[in-house]
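Visitor: Here it is, the structure, as structure tokens.
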Amino acid sequence: MTGTGTPPGSGTGARPGPAVVLVGPPGSGKSTVGALLAERLGTGYRDTDGDIERIAGKPIPEIFFEDGEPRFRALERQAVRDAVAEHPGVLSLGGGAIMDEETRKLLTGLPVVFLDVGLADAVKRVGLDAPRPLLAVNPRQQWRALMEQRRPLYTEAARAVVTTDGRSPEDVAEAVLDALELRQS
């Protein structure tokens, strides 16, 4: 990793920012894989959902229910903007961050990886009964609807797509490193 936060091997002229940005739906493994990637790259890990909770002083479900989704999305937009500007390591974005046009523009040119996951594996990983505000009613149907809306945006923003179905977090981390050509020498 260079001192500017550019990915190893990115060459000159690369813009500073995170070494890797992970996007994807709930259950895709962003947090687990992100931590593994940070360890393998010898850098820090940051999750914008954690930033939002820290700034708001409460969990995301409470922000949704007490302050509303527009307030949450405003906090999310700012958290992504700050993290992209400040964090040179591995960055995970909340599943819905990609819906914001400003966020998608911020991601242009960055090493974004879409961790794609099917419904069956997502259910196994998060149970879809966890406190996720947008999946509170009929979680399987809601998850499918969210993915219909978000998949094209994840794909548009991503430099690489890594499918996580049936793979261990370690295998997914290796696939991300390969896709972005981020092998440490």
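A note on labels: chains of the structure tokens are A, B, ... as shown, every chain counts residues from 1, and ligands are counted from 1 in their shown order.
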For stretch 50-128 of chain A versus stretch 36-42 of chain A, which residues have an atom no more than 12 Å away, and what is each residue's nearest atom pair and distance in Å rounded to one decimal, using only C-alpha atoms, chain-then-number order, as a Markdown table?
Guide:
```
| residue | atom | partner | partner_atom | distance |
| --- | --- | --- | --- | --- |
| A:His87 | CA | A:Ala38 | CA | 11.7 |
| A:Pro88 | CA | A:Ala38 | CA | 10.3 |
| A:Gly89 | CA | A:Ala38 | CA | 6.6 |
| A:Val90 | CA | A:Ala38 | CA | 5.6 |
| A:Leu91 | CA | A:Ala38 | CA | 8.9 |
| A:Ser92 | CA | A:Ala38 | CA | 10.9 |
| A:Val113 | CA | A:Leu37 | CA | 11.9 |
```
Visitor: Using Å and a single decimal, report how far atom CA of A:Phe65 sits from atom CA of A:Glu148.
Guide: 24.2 Å
Visitor: Which residue, A:Val33, A:Leu106, A:Val21, A:Asp49, has the smallest gap to A:Ala175 when you use only C-alpha atoms?
Guide: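 Among the listed residues, the smallest separation from A:Ala175 belongs to A:Val33.
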Visitor: Extract, using only C-alpha atoms, all DNA, RNA and protein residues at most 12 Å from A:Asp178, discarding same-chain residues fewer than 4 positions from it, and format them as a ChimeraX atom specification.
Guide: /A:37,113,160-162,171-174,182-184
Visitor: Take the residues from that selection and put them in a file with N, CA, C and O atoms, as a PDB file, in the first residue's frame.
Guide:
```pdb
ATOM      1  N   LEU A  37      -9.997  -9.036   4.040  1.00  0.00           N
ATOM      2  CA  LEU A  37      -9.213  -8.309   3.041  1.00  0.00           C
ATOM      3  C   LEU A  37      -8.267  -7.309   3.704  1.00  0.00           C
ATOM      4  O   LEU A  37      -7.099  -7.197   3.318  1.00  0.00           O
ATOM      5  N   VAL A 113     -16.050  -3.574  -5.626  1.00  0.00           N
ATOM      6  CA  VAL A 113     -16.389  -4.965  -5.890  1.00  0.00           C
ATOM      7  C   VAL A 113     -17.797  -5.218  -5.369  1.00  0.00           C
ATOM      8  O   VAL A 113     -18.105  -4.929  -4.210  1.00  0.00           O
ATOM      9  N   ALA A 160     -15.518  -5.098 -10.460  1.00  0.00           N
ATOM     10  CA  ALA A 160     -15.560  -6.561 -10.507  1.00  0.00           C
ATOM     11  C   ALA A 160     -16.780  -7.045  -9.725  1.00  0.00           C
ATOM     12  O   ALA A 160     -17.232  -6.384  -8.794  1.00  0.00           O
ATOM     13  N   VAL A 161     -17.305  -8.192 -10.139  1.00  0.00           N
ATOM     14  CA  VAL A 161     -18.403  -8.854  -9.439  1.00  0.00           C
ATOM     15  C   VAL A 161     -17.878 -10.197  -8.958  1.00  0.00           C
ATOM     16  O   VAL A 161     -17.317 -10.964  -9.732  1.00  0.00           O
ATOM     17  N   VAL A 162     -18.046 -10.463  -7.664  1.00  0.00           N
ATOM     18  CA  VAL A 162     -17.627 -11.734  -7.082  1.00  0.00           C
ATOM     19  C   VAL A 162     -18.860 -12.378  -6.462  1.00  0.00           C
ATOM     20  O   VAL A 162     -19.496 -11.796  -5.586  1.00  0.00           O
ATOM     21  N   ASP A 171     -12.397 -17.777   0.678  1.00  0.00           N
ATOM     22  CA  ASP A 171     -12.410 -17.938  -0.778  1.00  0.00           C
ATOM     23  C   ASP A 171     -12.872 -16.660  -1.474  1.00  0.00           C
ATOM     24  O   ASP A 171     -12.338 -16.275  -2.513  1.00  0.00           O
ATOM     25  N   VAL A 172     -13.864 -16.009  -0.892  1.00  0.00           N
ATOM     26  CA  VAL A 172     -14.368 -14.761  -1.478  1.00  0.00           C
ATOM     27  C   VAL A 172     -13.289 -13.684  -1.404  1.00  0.00           C
ATOM     28  O   VAL A 172     -13.055 -12.963  -2.379  1.00  0.00           O
ATOM     29  N   ALA A 173     -12.609 -13.589  -0.270  1.00  0.00           N
ATOM     30  CA  ALA A 173     -11.532 -12.602  -0.134  1.00  0.00           C
ATOM     31  C   ALA A 173     -10.450 -12.845  -1.188  1.00  0.00           C
ATOM     32  O   ALA A 173      -9.967 -11.898  -1.818  1.00  0.00           O
ATOM     33  N   GLU A 174     -10.084 -14.098  -1.401  1.00  0.00           N
ATOM     34  CA  GLU A 174      -9.083 -14.427  -2.424  1.00  0.00           C
ATOM     35  C   GLU A 174      -9.579 -14.027  -3.810  1.00  0.00           C
ATOM     36  O   GLU A 174      -8.811 -13.497  -4.628  1.00  0.00           O
ATOM     37  N   LEU A 182      -4.679  -7.411  -6.512  1.00  0.00           N
ATOM     38  CA  LEU A 182      -4.111  -6.785  -5.311  1.00  0.00           C
ATOM     39  C   LEU A 182      -3.260  -7.748  -4.507  1.00  0.00           C
ATOM     40  O   LEU A 182      -3.290  -7.721  -3.282  1.00  0.00           O
ATOM     41  N   ARG A 183      -2.528  -8.584  -5.131  1.00  0.00           N
ATOM     42  CA  ARG A 183      -1.654  -9.515  -4.421  1.00  0.00           C
ATOM     43  C   ARG A 183      -0.478  -8.769  -3.821  1.00  0.00           C
ATOM     44  O   ARG A 183       0.159  -7.962  -4.484  1.00  0.00           O
ATOM     45  N   GLN A 184      -0.205  -9.050  -2.528  1.00  0.00           N
ATOM     46  CA  GLN A 184       0.972  -8.486  -1.879  1.00  0.00           C
ATOM     47  C   GLN A 184       2.192  -9.274  -2.353  1.00  0.00           C
ATOM     48  O   GLN A 184       2.159 -10.482  -2.426  1.00  0.00           O
TER      49      GLN A 184
END
```
Visitor: How far is it from atom CA of A:Ala79 to atom CA of A:Val176, in Å with one decimal?
Guide: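 Interatomic distance, atom CA of A:Ala79 to atom CA of A:Val176: 23.5 Å.
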Visitor: Between atom CA of A:Leu119 and atom CA of A:Asp47, what is the distance, to one decimal in Å?
Guide: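 Computing it gives 22.5 Å between the two atoms.
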Visitor: Counting only C-alpha atoms, which residue out of A:Asp67, A:Asp121, A:Asp51, A:Asp116 sits closest to A:Ala158?
Guide: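 So, comparing all the options, the nearest one is A:Asp116.
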Visitor: Counting only C-alpha atoms, figure out which residue out of A:Tyr45, A:Ile55, A:Pro61, A:Gly95 gets nearest to A:Gln78.
Guide: A:Ile55
Visitor: Which residue, A:Met99, A:Ala19, A:Ile60, A:Leu180, has the smallest gap to A:Leu146 when you use only C-alpha atoms?
Guide: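 Closest residue, counting only C-alpha atoms: A:Met99.
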Visitor: DSSP on the backbone, then: every residue of stretch 35-155 of chain A marked helix (DSSP H, G or I), written as a PyMOL selection string.
Guide: chain A and resi 35-41+48-56+60-67+69-86+97-99+101-107+119-126+133-135+139-155
Visitor: When you count only C-alpha atoms, which of these residues is closest to A:Arg140: A:Lys105, A:Pro26, A:Asp165, A:Ala74?
Guide: A:Pro26
Visitor: I'd like the neighbourhood of A:Val117 as a list in words, where a residue qualifies if any of its atoms comes within 6 Å (using only C-alpha atoms), though same-chain residues fewer than 4 positions away should be ignored.
Guide: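 Listing them by chain and then by number gives Ser28, Thr163, Thr164 and Asp165 of chain A.
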Visitor: Assign secondary structure with DSSP using the backbone only, and return the residues of chain A in strand (DSSP E or B) as JSON, numbers by chain.
Guide: {"A": [20, 21, 22, 23, 45, 46, 47, 90, 91, 92, 112, 113, 114, 115, 116, 160, 161, 162, 163]}
Visitor: Please produce a file of those selected residues containing C-alpha atoms, as a PDB file, in the first residue's frame.
Guide:
```
ATOM      1  CA  VAL A  20     -11.149  -1.779  -1.925  1.00  0.00           C
ATOM      2  CA  VAL A  21     -14.807  -0.765  -1.679  1.00  0.00           C
ATOM      3  CA  LEU A  22     -17.311  -3.575  -1.107  1.00  0.00           C
ATOM      4  CA  VAL A  23     -20.946  -3.191  -2.117  1.00  0.00           C
ATOM      5  CA  TYR A  45     -11.228  -1.827   7.708  1.00  0.00           C
ATOM      6  CA  ARG A  46     -14.175   0.567   7.884  1.00  0.00           C
ATOM      7  CA  ASP A  47     -17.918  -0.012   7.572  1.00  0.00           C
ATOM      8  CA  VAL A  90     -10.961  -1.600   2.878  1.00  0.00           C
ATOM      9  CA  LEU A  91     -14.387   0.027   2.981  1.00  0.00           C
ATOM     10  CA  SER A  92     -17.812  -1.639   3.150  1.00  0.00           C
ATOM     11  CA  VAL A 112     -15.431  -1.306  -6.184  1.00  0.00           C
ATOM     12  CA  VAL A 113     -16.389  -4.965  -5.890  1.00  0.00           C
ATOM     13  CA  PHE A 114     -19.997  -6.130  -5.908  1.00  0.00           C
ATOM     14  CA  LEU A 115     -20.362  -9.159  -3.633  1.00  0.00           C
ATOM     15  CA  ASP A 116     -23.311 -10.896  -5.244  1.00  0.00           C
ATOM     16  CA  ALA A 160     -15.560  -6.561 -10.507  1.00  0.00           C
ATOM     17  CA  VAL A 161     -18.403  -8.854  -9.439  1.00  0.00           C
ATOM     18  CA  VAL A 162     -17.627 -11.734  -7.082  1.00  0.00           C
ATOM     19  CA  THR A 163     -20.323 -14.311  -6.393  1.00  0.00           C
TER      20      THR A 163
END
```
